[in-house]
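Below is structure-v7.csv, holding CSV, C-alpha atoms.
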```
chain,number,residue,atom,x,y,z
A,1,MET,CA,-2.2,-9.5,-14.5
A,2,LYS,CA,-4.1,-6.9,-16.5
A,3,LYS,CA,-2.1,-3.7,-16.5
A,4,LEU,CA,1.2,-5.5,-15.9
A,5,SER,CA,0.5,-7.7,-18.9
A,6,ILE,CA,-0.1,-4.6,-21.1
A,7,PHE,CA,3.0,-2.8,-20.1
A,8,ALA,CA,5.1,-6.0,-20.2
A,9,VAL,CA,4.1,-6.4,-23.8
A,10,ALA,CA,5.1,-2.9,-24.7
A,11,PHE,CA,8.4,-3.3,-22.8
A,12,THR,CA,9.2,-6.6,-24.6
A,13,ALA,CA,8.3,-5.2,-28.0
A,14,LEU,CA,10.7,-2.3,-27.5
A,15,ALA,CA,13.5,-4.5,-26.2
A,16,PHE,CA,13.0,-6.9,-29.1
A,17,THR,CA,13.0,-4.1,-31.7
A,18,ALA,CA,16.3,-2.7,-30.4
A,19,CYS,CA,17.8,-6.2,-30.3
A,20,VAL,CA,17.0,-7.1,-33.9
A,21,GLY,CA,17.5,-3.6,-35.5
A,22,ASN,CA,20.8,-4.5,-37.1
A,23,LYS,CA,20.0,-8.0,-38.1
A,24,SER,CA,18.6,-9.5,-41.2
A,25,ALA,CA,14.8,-9.9,-41.4
A,26,GLN,CA,13.4,-13.0,-39.7
A,27,PRO,CA,10.3,-15.0,-40.6
A,28,VAL,CA,7.1,-13.5,-39.0
A,29,GLU,CA,6.3,-16.7,-37.3
A,30,GLN,CA,9.8,-16.9,-35.7
A,31,THR,CA,9.6,-13.2,-34.6
A,32,ASP,CA,6.2,-13.6,-33.0
A,33,SER,CA,7.3,-16.8,-31.2
A,34,LEU,CA,10.4,-15.0,-29.8
A,35,LYS,CA,8.3,-12.0,-28.7
A,36,SER,CA,5.8,-14.3,-26.9
A,37,PHE,CA,8.6,-16.2,-25.2
A,38,GLU,CA,10.4,-13.0,-24.1
A,39,GLN,CA,7.1,-11.5,-22.9
A,40,GLU,CA,6.4,-14.6,-20.8
A,41,GLN,CA,9.8,-14.4,-19.3
A,42,VAL,CA,9.5,-10.8,-18.4
A,43,GLU,CA,6.1,-11.2,-16.8
A,44,ALA,CA,7.1,-14.4,-15.0
A,45,LYS,CA,10.1,-12.7,-13.5
A,46,ILE,CA,8.1,-9.6,-12.3
A,47,LYS,CA,5.3,-11.8,-11.0
A,48,MET,CA,7.7,-14.0,-9.0
A,49,GLU,CA,9.4,-10.9,-7.5
A,50,LEU,CA,6.0,-9.4,-6.5
A,51,ASP,CA,4.8,-12.7,-5.0
A,52,SER,CA,8.0,-12.8,-2.9
A,53,LEU,CA,7.5,-9.2,-1.7
A,54,ALA,CA,3.9,-9.8,-0.8
A,55,ALA,CA,4.8,-12.9,1.1
A,56,GLU,CA,7.2,-10.9,3.2
A,57,VAL,CA,4.5,-8.2,3.8
A,58,GLY,CA,2.1,-10.9,4.9
A,59,LYS,CA,4.6,-12.1,7.6
A,60,LEU,CA,4.7,-8.7,9.3
A,61,LYS,CA,2.5,-8.1,12.3
A,62,GLN,CA,-0.2,-5.4,12.3
A,63,MET,CA,0.9,-2.0,13.5
A,64,PRO,CA,0.8,-2.1,17.3
A,65,PHE,CA,-1.3,1.0,17.7
A,66,LEU,CA,-4.0,-0.5,15.5
A,67,LYS,CA,-4.4,-3.7,17.4
A,68,THR,CA,-7.5,-4.3,19.5
A,69,GLY,CA,-8.0,-6.0,22.9
A,70,GLU,CA,-5.2,-6.5,25.4
A,71,GLU,CA,-2.4,-6.0,22.8
A,72,GLY,CA,-3.9,-2.8,21.6
A,73,ILE,CA,-3.2,0.7,22.8
A,74,LYS,CA,-5.3,2.1,25.6
A,75,LEU,CA,-6.5,5.7,25.8
A,76,THR,CA,-7.6,7.3,29.1
A,77,GLU,CA,-11.0,9.1,29.2
A,78,GLN,CA,-9.1,12.3,29.3
A,79,GLU,CA,-7.1,11.5,26.2
A,80,LYS,CA,-10.3,10.6,24.4
A,81,GLN,CA,-11.6,14.1,24.9
A,82,VAL,CA,-8.9,15.5,22.6
A,83,LYS,CA,-10.2,14.2,19.3
A,84,PRO,CA,-7.6,13.9,16.4
A,85,THR,CA,-8.0,16.6,13.7
A,86,TYR,CA,-5.6,14.9,11.3
A,87,LEU,CA,-7.8,12.0,10.1
A,88,VAL,CA,-9.1,12.0,6.5
A,89,ALA,CA,-12.7,13.2,6.4
A,90,PRO,CA,-14.9,10.4,5.1
A,91,SER,CA,-16.4,12.9,2.5
A,92,VAL,CA,-12.9,13.1,0.8
A,93,ALA,CA,-13.6,9.7,-0.7
A,94,GLU,CA,-15.7,11.5,-3.3
A,95,ASN,CA,-12.4,13.1,-4.6
A,96,ALA,CA,-11.1,9.7,-5.6
A,97,THR,CA,-11.9,9.3,-9.3
A,98,SER,CA,-9.5,6.7,-10.8
A,99,LEU,CA,-9.5,3.1,-9.7
A,100,ALA,CA,-6.0,3.4,-8.2
A,101,GLU,CA,-7.1,6.4,-6.1
A,102,LYS,CA,-10.2,4.5,-4.9
A,103,TYR,CA,-8.1,1.5,-3.7
A,104,ARG,CA,-5.7,3.8,-1.9
A,105,MET,CA,-8.5,5.8,-0.3
A,106,LEU,CA,-10.3,2.6,0.8
A,107,SER,CA,-7.3,1.4,2.8
A,108,ALA,CA,-6.5,4.8,4.2
A,109,LEU,CA,-10.1,5.3,5.4
A,110,SER,CA,-10.0,1.9,7.0
A,111,VAL,CA,-7.0,2.9,9.0
A,112,ASP,CA,-8.7,6.2,10.1
A,113,LYS,CA,-11.9,4.4,11.0
A,114,ASN,CA,-9.8,2.3,13.4
A,115,ILE,CA,-8.4,5.5,15.0
A,116,ALA,CA,-11.8,7.1,15.2
A,117,THR,CA,-13.0,4.1,17.1
A,118,LEU,CA,-10.1,4.3,19.4
A,119,TYR,CA,-11.2,7.8,20.3
A,120,ASP,CA,-14.9,6.9,20.6
A,121,MET,CA,-15.7,9.1,17.6
A,122,PRO,CA,-18.7,8.4,15.4
A,123,THR,CA,-17.8,6.0,12.6
A,124,ALA,CA,-21.0,5.8,10.6
A,125,ASP,CA,-19.7,8.2,7.9
A,126,TYR,CA,-16.5,6.2,7.6
A,127,GLU,CA,-18.5,3.0,7.2
A,128,ALA,CA,-20.7,4.6,4.5
A,129,SER,CA,-17.7,5.9,2.5
A,130,ILE,CA,-15.9,2.6,2.8
A,131,ALA,CA,-19.0,0.7,1.6
A,132,LYS,CA,-19.4,3.1,-1.3
A,133,LEU,CA,-15.8,2.7,-2.4
A,134,VAL,CA,-16.0,-1.1,-2.1
A,135,ALA,CA,-19.1,-1.0,-4.3
A,136,ASP,CA,-17.5,1.4,-6.8
A,137,ILE,CA,-14.3,-0.8,-7.0
A,138,ASN,CA,-16.4,-4.0,-7.4
A,139,ASP,CA,-13.5,-6.3,-6.7
A,140,PRO,CA,-14.6,-9.9,-6.1
A,141,SER,CA,-11.4,-10.4,-4.0
A,142,PHE,CA,-13.1,-8.6,-1.2
A,143,LYS,CA,-16.0,-11.0,-0.7
A,144,ASP,CA,-14.3,-12.9,2.2
A,145,PHE,CA,-13.2,-9.7,4.0
A,146,GLU,CA,-14.9,-7.2,6.2
A,147,ALA,CA,-14.6,-3.8,4.4
A,148,PRO,CA,-13.3,-1.8,7.4
A,149,THR,CA,-10.4,-4.2,7.8
A,150,LEU,CA,-9.0,-3.9,4.3
A,151,TYR,CA,-6.0,-2.0,5.5
A,152,GLU,CA,-4.7,-5.4,6.8
A,153,THR,CA,-3.1,-6.2,3.5
A,154,GLY,CA,-1.8,-9.7,4.1
A,155,GLN,CA,-1.1,-12.8,2.2
A,156,LYS,CA,-4.8,-13.9,2.1
A,157,LEU,CA,-5.9,-10.7,0.4
A,158,TYR,CA,-2.9,-10.8,-2.0
A,159,ASP,CA,-3.8,-14.4,-3.0
A,160,ALA,CA,-7.4,-13.4,-3.7
A,161,MET,CA,-6.4,-10.3,-5.7
A,162,ASN,CA,-3.9,-12.4,-7.6
A,163,GLU,CA,-6.6,-14.9,-8.5
A,164,ASN,CA,-8.8,-12.0,-9.8
A,165,GLY,CA,-6.0,-10.4,-11.8
A,166,ARG,CA,-5.7,-7.3,-9.5
A,167,ILE,CA,-2.3,-7.6,-7.9
A,168,ASN,CA,-1.4,-4.1,-9.1
A,169,TYR,CA,-4.2,-2.7,-7.0
A,170,PHE,CA,-3.0,-4.8,-4.0
A,171,TRP,CA,0.1,-2.6,-3.9
A,172,GLN,CA,-2.0,0.5,-4.3
A,173,MET,CA,-3.8,-0.6,-1.1
A,174,VAL,CA,-0.6,-1.3,0.7
A,175,SER,CA,0.6,2.2,-0.3
A,176,GLY,CA,-2.5,3.9,1.0
A,177,ALA,CA,-2.5,2.0,4.3
A,178,LEU,CA,1.1,2.3,5.1
A,179,VAL,CA,1.4,6.0,4.3
A,180,GLU,CA,-1.7,6.8,6.3
A,181,GLU,CA,-0.4,4.6,9.3
A,182,ILE,CA,2.9,6.4,9.3
A,183,TYR,CA,1.2,9.8,9.0
A,184,VAL,CA,-1.0,9.0,11.9
A,185,MET,CA,2.0,7.9,14.0
A,186,SER,CA,3.9,11.1,13.2
A,187,GLU,CA,0.9,13.1,14.5
A,188,ASN,CA,0.8,11.5,17.9
A,189,SER,CA,4.1,9.6,18.3
A,190,ASP,CA,4.2,10.2,22.1
A,191,LYS,CA,1.1,8.1,22.5
A,192,PHE,CA,1.1,5.7,19.6
A,193,LEU,CA,4.7,4.6,20.0
A,194,THR,CA,4.1,3.4,23.5
A,195,ALA,CA,2.7,0.2,22.0
A,196,PHE,CA,5.9,-0.4,20.0
A,197,ASN,CA,9.0,-2.4,20.9
A,198,ASP,CA,12.3,-2.3,18.9
A,199,GLU,CA,11.2,-5.2,16.7
A,200,SER,CA,7.9,-3.6,15.7
A,201,ALA,CA,9.8,-0.3,15.1
A,202,ALA,CA,12.2,-2.1,12.8
A,203,ASN,CA,9.2,-3.7,11.0
A,204,VAL,CA,8.1,-0.2,9.9
A,205,THR,CA,11.4,0.2,8.1
A,206,TYR,CA,11.0,-3.2,6.5
A,207,ARG,CA,7.5,-2.4,5.3
A,208,ILE,CA,8.8,0.7,3.6
A,209,VAL,CA,11.6,-1.2,2.0
A,210,LEU,CA,9.3,-3.9,0.7
A,211,LEU,CA,6.7,-1.4,-0.6
A,212,SER,CA,9.4,0.7,-2.2
A,213,ASP,CA,10.8,-2.3,-4.1
A,214,ALA,CA,7.4,-3.3,-5.3
A,215,VAL,CA,6.2,0.1,-6.6
A,216,LYS,CA,9.5,0.8,-8.3
A,217,ARG,CA,9.1,-2.3,-10.3
A,218,LEU,CA,5.5,-1.6,-11.1
A,219,ALA,CA,6.1,2.1,-12.0
A,220,ASP,CA,8.0,0.9,-15.1
A,221,TYR,CA,4.8,-0.7,-16.5
A,222,ASP,CA,1.9,1.1,-14.8
A,223,ALA,CA,1.6,4.9,-14.9
A,224,ASP,CA,-0.6,4.8,-11.9
A,225,PHE,CA,2.4,3.9,-9.8
A,226,GLU,CA,4.5,6.9,-10.7
A,227,PRO,CA,3.0,9.2,-7.9
A,228,VAL,CA,3.1,6.2,-5.5
A,229,ALA,CA,6.8,5.6,-6.2
A,230,LYS,CA,7.6,9.3,-5.6
A,231,ALA,CA,5.5,9.4,-2.4
A,232,VAL,CA,7.1,6.2,-1.0
A,233,GLU,CA,10.6,7.5,-1.8
A,234,ALA,CA,9.8,10.4,0.6
A,235,LEU,CA,9.6,7.8,3.4
A,236,ALA,CA,13.3,6.7,2.8
A,237,PRO,CA,14.6,8.7,5.9
A,238,LEU,CA,12.6,6.2,8.1
A,239,ASN,CA,15.2,3.5,8.7
A,240,ALA,CA,14.9,3.0,12.4
A,241,ILE,CA,15.7,-0.2,14.2
A,242,SER,CA,14.5,1.0,17.6
A,243,VAL,CA,11.6,2.8,19.1
A,244,ASP,CA,13.8,5.8,20.0
A,245,GLN,CA,15.1,6.1,16.5
A,246,LEU,CA,11.7,5.8,15.0
A,247,LYS,CA,10.3,8.6,17.2
A,248,GLN,CA,13.2,10.9,16.3
A,249,GLN,CA,12.9,10.1,12.6
A,250,LEU,CA,9.1,10.6,12.5
A,251,ALA,CA,9.7,14.1,14.0
A,252,GLU,CA,12.5,14.9,11.5
A,253,ALA,CA,10.6,13.7,8.5
A,254,LYS,CA,7.1,15.0,9.5
A,255,ASP,CA,6.8,17.4,6.6
A,256,LYS,CA,7.9,14.8,4.0
A,257,ILE,CA,5.4,12.3,5.5
A,258,ALA,CA,2.7,14.9,5.2
A,259,GLU,CA,3.6,15.5,1.5
A,260,ALA,CA,3.6,11.8,0.8
A,261,ARG,CA,0.2,11.5,2.3
A,262,ASN,CA,-1.2,14.4,0.4
A,263,ALA,CA,0.2,13.0,-2.8
A,264,LEU,CA,-1.6,9.7,-2.4
A,265,ILE,CA,-4.8,10.6,-0.5
A,266,LYS,CA,-6.2,13.8,-1.7
```

Using structure tokens, write down the structure from this file.
Amino acid sequence: MKKLSIFAVAFTALAFTACVGNKSAQPVEQTDSLKSFEQEQVEAKIKMELDSLAAEVGKLKQMPFLKTGEEGIKLTEQEKQVKPTYLVAPSVAENATSLAEKYRMLSALSVDKNIATLYDMPTADYEASIAKLVADINDPSFKDFEAPTLYETGQKLYDAMNENGRINYFWQMVSGALVEEIYVMSENSDKFLTAFNDESAANVTYRIVLLSDAVKRLADYDADFEPVAKAVEALAPLNAISVDQLKQQLAEAKDKIAEARNALIK
């Protein structure tokens, strides 16, 4: 699990030191064996919890306003004339320097490319930036996925990233995608929420709960998740179980949503 393994080792070592501080010295072999066992137990517990959370995320349907075809949202020709000014500019991808930032930017730009397509806006720059991020990240987990759809962070992608030891970055992608989706909704809730029903509105709340749970666990072991945990915490006021509640809460939390977005996607 790469980073998780590193931080789990540190955590276990500290816990072990505190535990044996007042005891008589133990043989080195016995101490190392106990450390290894406790480390395995800590990692296994966290891994099991993350697997469960990812499985729940994978069960949720795609955000209604991002669907295509008959289920997707429809814009009139007049509505398409008013282009959104709130999307991330493709060139902003150059600002992503760390691997965690690149993963978040990748999923966020994938969301915004979808919105740009909805408005019949040019998408070549989005496609180029997404392709460059994919190349920079060089994650073998992506080989069976089309790059512009990587915001669809479901079970299949999790399994692939798990196999390649990158599940920490799966949650970075979920964070970037969800925060961007909620930000986009808050900018045009009158239109985008017309595709929602009460179940899909409640699913937004559930996504936030699942993501919050995952990043809080990971933040204890991976410093890259500290800004993520703080940003996701700002989404806590969104706990709607109906479309009307979601619309009201998006309006009330608009500033906090913008702050969360700026914290993750700079």

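A straight line drawn from atom CA of Asn168 of chain A to atom CA of Lys102 of chain A is 13.0 Å long.
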
Once you count all atoms listed in the file, what closest atom pair and distance in Å to one decimal does each residue of segment 108-179 of chain A within 9 Å of segment 212-222 of chain A have, with rows by chain and rising residue number, as CSV?
```
residue,atom,partner,partner_atom,distance
A:Asn168,CA,A:Leu218,CA,7.6
A:Trp171,CA,A:Val215,CA,7.2
A:Gln172,CA,A:Val215,CA,8.5
A:Ser175,CA,A:Val215,CA,8.7
```

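Minimum atom-to-atom distances from A:Lys266, A:Lys191, A:Arg207, A:Lys74 to Lys247 of chain A were compared using only C-alpha atoms, and the lowest value belongs to A:Lys191.
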
- Near Tyr169 of chain A, within 10 Å and counting only C-alpha atoms, which residues show up once chain neighbours fewer than 2 positions away are dropped, as a list in words? Lys3, Leu99, Ala100, Glu101, Lys102, Tyr103, Arg104, Asp139, Tyr158, Met161, Asn162, Gly165, Arg166, Ile167, Trp171, Gln172, Met173, Val174, Ser175, Asp224 and Phe225 of chain A

- Task: Find the residues near Ile208 of chain A: any atom within 9 Å, counting all atoms listed in the file, skip ones fewer than 6 places away on the same chain, and give them as a VMD selection string.
- Result: chain A and resid 178 232 to 233 235 to 236 238 to 239

Grab all the atoms of segment 110-124 of chain A that the file lists, wrap them in a box along x, y and z, add 3 Å per side, and give me centre plus edge lengths in Å (one decimal) as JSON.
```
{"center_x": -14.0, "center_y": 5.5, "center_z": 13.8, "size_x": 20.0, "size_y": 13.2, "size_z": 19.6}
```

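For the set A:Ile137, A:Val82, A:Ile265, A:Leu193, the residue with the smallest atom-to-atom gap to Ala108 of chain A is A:Ile265, counting only C-alpha atoms.
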
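In this model, the gap between atom CA of Glu94 of chain A and atom CA of Ala260 of chain A comes to 19.7 Å.
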
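The space separating atom CA of Glu187 of chain A from atom CA of Ala116 of chain A comes to 14.1 Å.
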
- Query: For the point (0.5, 4.3, 10.1) in file coordinates, what residues are within 9 Å, counting only C-alpha atoms? Give the answer as a PyMOL selection string?
  - Reply: chain A and resi 63+65-66+111+177-186+204

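Nearest-residue note for Asp112 of chain A: choosing from A:Tyr151, A:Phe145, A:Phe192, A:Phe170, the minimum distance belongs to A:Tyr151, counting all atoms listed in the file.
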
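If only C-alpha atoms are the atoms counted, then among A:Gln248, A:Thr205, A:Asn197, A:Asn262 the closest residue to Val228 of chain A is A:Asn262.
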
- Task: Find the residues around Ala234 of chain A up to 9 Å (all atoms listed in the file counted), leave out those fewer than 6 positions away in its own chain, and share them as a PyMOL selection string.
- Result: chain A and resi 253+256-257+259-260

Written selection (C-alpha atoms) as an mmCIF file, in the frame of the given file:
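For reference, out15.cif as written:
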```cif
data_model
loop_
_atom_site.group_PDB
_atom_site.id
_atom_site.type_symbol
_atom_site.label_atom_id
_atom_site.label_comp_id
_atom_site.auth_asym_id
_atom_site.auth_seq_id
_atom_site.Cartn_x
_atom_site.Cartn_y
_atom_site.Cartn_z
ATOM 1 C CA ALA A 253 10.600 13.700 8.500
ATOM 2 C CA LYS A 256 7.900 14.800 4.000
ATOM 3 C CA ILE A 257 5.400 12.300 5.500
ATOM 4 C CA GLU A 259 3.600 15.500 1.500
ATOM 5 C CA ALA A 260 3.600 11.800 0.800
#
```

- Find the residue from A:Thr153, A:Ser129, A:Gln245, A:Ala263 that sits nearest to Glu56 of chain A; use all atoms listed in the file when measuring. A:Thr153

With all heavy atoms as the target, complete segment 56-67 of chain A and hand it back as a PDB file, in the coordinates of the input.
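Just written: result24.pdb:
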```
ATOM      1  N   GLU A  56       6.465 -11.496   2.116  1.00  0.00           N
ATOM      2  CA  GLU A  56       7.200 -10.900   3.200  1.00  0.00           C
ATOM      3  C   GLU A  56       6.261  -9.871   3.964  1.00  0.00           C
ATOM      4  O   GLU A  56       6.264  -9.801   5.193  1.00  0.00           O
ATOM      5  CB  GLU A  56       8.429 -10.143   2.719  1.00  0.00           C
ATOM      6  CG  GLU A  56       9.542 -11.074   2.283  1.00  0.00           C
ATOM      7  CD  GLU A  56      10.004 -11.970   3.419  1.00  0.00           C
ATOM      8  OE1 GLU A  56      10.343 -11.443   4.500  1.00  0.00           O
ATOM      9  OE2 GLU A  56      10.030 -13.194   3.231  1.00  0.00           O
ATOM     10  N   VAL A  57       5.476  -9.111   3.209  1.00  0.00           N
ATOM     11  CA  VAL A  57       4.500  -8.200   3.800  1.00  0.00           C
ATOM     12  C   VAL A  57       3.533  -8.977   4.699  1.00  0.00           C
ATOM     13  O   VAL A  57       3.190  -8.570   5.811  1.00  0.00           O
ATOM     14  CB  VAL A  57       3.744  -7.392   2.752  1.00  0.00           C
ATOM     15  CG1 VAL A  57       2.568  -6.636   3.372  1.00  0.00           C
ATOM     16  CG2 VAL A  57       4.678  -6.404   2.054  1.00  0.00           C
ATOM     17  N   GLY A  58       3.107 -10.124   4.192  1.00  0.00           N
ATOM     18  CA  GLY A  58       2.100 -10.900   4.900  1.00  0.00           C
ATOM     19  C   GLY A  58       2.660 -11.497   6.222  1.00  0.00           C
ATOM     20  O   GLY A  58       1.883 -11.837   7.117  1.00  0.00           O
ATOM     21  N   LYS A  59       3.982 -11.588   6.354  1.00  0.00           N
ATOM     22  CA  LYS A  59       4.600 -12.100   7.600  1.00  0.00           C
ATOM     23  C   LYS A  59       4.632 -11.071   8.702  1.00  0.00           C
ATOM     24  O   LYS A  59       4.781 -11.423   9.876  1.00  0.00           O
ATOM     25  CB  LYS A  59       6.008 -12.603   7.310  1.00  0.00           C
ATOM     26  CG  LYS A  59       6.100 -13.813   6.401  1.00  0.00           C
ATOM     27  CD  LYS A  59       7.557 -14.147   6.101  1.00  0.00           C
ATOM     28  CE  LYS A  59       7.687 -15.281   5.105  1.00  0.00           C
ATOM     29  NZ  LYS A  59       9.109 -15.551   4.756  1.00  0.00           N
ATOM     30  N   LEU A  60       4.540  -9.803   8.328  1.00  0.00           N
ATOM     31  CA  LEU A  60       4.700  -8.700   9.300  1.00  0.00           C
ATOM     32  C   LEU A  60       3.414  -8.583  10.152  1.00  0.00           C
ATOM     33  O   LEU A  60       2.303  -8.698   9.641  1.00  0.00           O
ATOM     34  CB  LEU A  60       5.000  -7.413   8.614  1.00  0.00           C
ATOM     35  CG  LEU A  60       6.326  -7.374   7.852  1.00  0.00           C
ATOM     36  CD1 LEU A  60       6.477  -6.045   7.127  1.00  0.00           C
ATOM     37  CD2 LEU A  60       7.514  -7.604   8.783  1.00  0.00           C
ATOM     38  N   LYS A  61       3.596  -8.313  11.419  1.00  0.00           N
ATOM     39  CA  LYS A  61       2.500  -8.100  12.300  1.00  0.00           C
ATOM     40  C   LYS A  61       1.809  -6.780  12.086  1.00  0.00           C
ATOM     41  O   LYS A  61       2.437  -5.840  11.608  1.00  0.00           O
ATOM     42  CB  LYS A  61       2.912  -8.265  13.774  1.00  0.00           C
ATOM     43  CG  LYS A  61       3.420  -9.650  14.140  1.00  0.00           C
ATOM     44  CD  LYS A  61       3.855  -9.694  15.598  1.00  0.00           C
ATOM     45  CE  LYS A  61       4.372 -11.084  15.963  1.00  0.00           C
ATOM     46  NZ  LYS A  61       4.837 -11.136  17.378  1.00  0.00           N
ATOM     47  N   GLN A  62       0.557  -6.697  12.436  1.00  0.00           N
ATOM     48  CA  GLN A  62      -0.200  -5.400  12.300  1.00  0.00           C
ATOM     49  C   GLN A  62       0.485  -4.373  13.171  1.00  0.00           C
ATOM     50  O   GLN A  62       1.099  -4.653  14.201  1.00  0.00           O
ATOM     51  CB  GLN A  62      -1.606  -5.702  12.845  1.00  0.00           C
ATOM     52  CG  GLN A  62      -2.573  -4.556  12.674  1.00  0.00           C
ATOM     53  CD  GLN A  62      -3.944  -4.921  13.230  1.00  0.00           C
ATOM     54  OE1 GLN A  62      -4.195  -6.065  13.565  1.00  0.00           O
ATOM     55  NE2 GLN A  62      -4.802  -3.941  13.330  1.00  0.00           N
ATOM     56  N   MET A  63       0.383  -3.132  12.725  1.00  0.00           N
ATOM     57  CA  MET A  63       0.900  -2.000  13.500  1.00  0.00           C
ATOM     58  C   MET A  63       0.375  -2.054  14.916  1.00  0.00           C
ATOM     59  O   MET A  63      -0.854  -2.134  15.086  1.00  0.00           O
ATOM     60  CB  MET A  63       0.586  -0.689  12.844  1.00  0.00           C
ATOM     61  CG  MET A  63       1.285  -0.449  11.525  1.00  0.00           C
ATOM     62  SD  MET A  63       2.972   0.136  11.748  1.00  0.00           S
ATOM     63  CE  MET A  63       3.352   0.640  10.059  1.00  0.00           C
ATOM     64  N   PRO A  64       1.218  -1.983  15.943  1.00  0.00           N
ATOM     65  CA  PRO A  64       0.800  -2.100  17.300  1.00  0.00           C
ATOM     66  C   PRO A  64      -0.362  -1.184  17.742  1.00  0.00           C
ATOM     67  O   PRO A  64      -1.272  -1.582  18.471  1.00  0.00           O
ATOM     68  CB  PRO A  64       2.021  -1.898  18.146  1.00  0.00           C
ATOM     69  CG  PRO A  64       3.132  -2.309  17.250  1.00  0.00           C
ATOM     70  CD  PRO A  64       2.693  -1.891  15.870  1.00  0.00           C
ATOM     71  N   PHE A  65      -0.323   0.044  17.263  1.00  0.00           N
ATOM     72  CA  PHE A  65      -1.300   1.000  17.700  1.00  0.00           C
ATOM     73  C   PHE A  65      -2.701   0.761  17.065  1.00  0.00           C
ATOM     74  O   PHE A  65      -3.697   1.379  17.446  1.00  0.00           O
ATOM     75  CB  PHE A  65      -0.889   2.449  17.504  1.00  0.00           C
ATOM     76  CG  PHE A  65      -0.839   2.886  16.062  1.00  0.00           C
ATOM     77  CD1 PHE A  65      -1.908   3.543  15.477  1.00  0.00           C
ATOM     78  CD2 PHE A  65       0.288   2.648  15.295  1.00  0.00           C
ATOM     79  CE1 PHE A  65      -1.859   3.954  14.164  1.00  0.00           C
ATOM     80  CE2 PHE A  65       0.347   3.053  13.976  1.00  0.00           C
ATOM     81  CZ  PHE A  65      -0.723   3.705  13.412  1.00  0.00           C
ATOM     82  N   LEU A  66      -2.756  -0.171  16.092  1.00  0.00           N
ATOM     83  CA  LEU A  66      -4.000  -0.500  15.500  1.00  0.00           C
ATOM     84  C   LEU A  66      -4.632  -1.786  15.989  1.00  0.00           C
ATOM     85  O   LEU A  66      -5.741  -2.157  15.615  1.00  0.00           O
ATOM     86  CB  LEU A  66      -3.821  -0.650  13.936  1.00  0.00           C
ATOM     87  CG  LEU A  66      -3.484   0.635  13.179  1.00  0.00           C
ATOM     88  CD1 LEU A  66      -3.177   0.329  11.726  1.00  0.00           C
ATOM     89  CD2 LEU A  66      -4.604   1.651  13.280  1.00  0.00           C
ATOM     90  N   LYS A  67      -3.923  -2.459  16.862  1.00  0.00           N
ATOM     91  CA  LYS A  67      -4.400  -3.700  17.400  1.00  0.00           C
ATOM     92  C   LYS A  67      -5.542  -3.427  18.427  1.00  0.00           C
ATOM     93  O   LYS A  67      -5.587  -2.375  19.054  1.00  0.00           O
ATOM     94  CB  LYS A  67      -3.307  -4.493  18.099  1.00  0.00           C
ATOM     95  CG  LYS A  67      -2.252  -5.022  17.145  1.00  0.00           C
ATOM     96  CD  LYS A  67      -1.188  -5.790  17.890  1.00  0.00           C
ATOM     97  CE  LYS A  67      -0.139  -6.340  16.948  1.00  0.00           C
ATOM     98  NZ  LYS A  67       0.935  -7.067  17.666  1.00  0.00           N
TER      99      LYS A  67
END
```
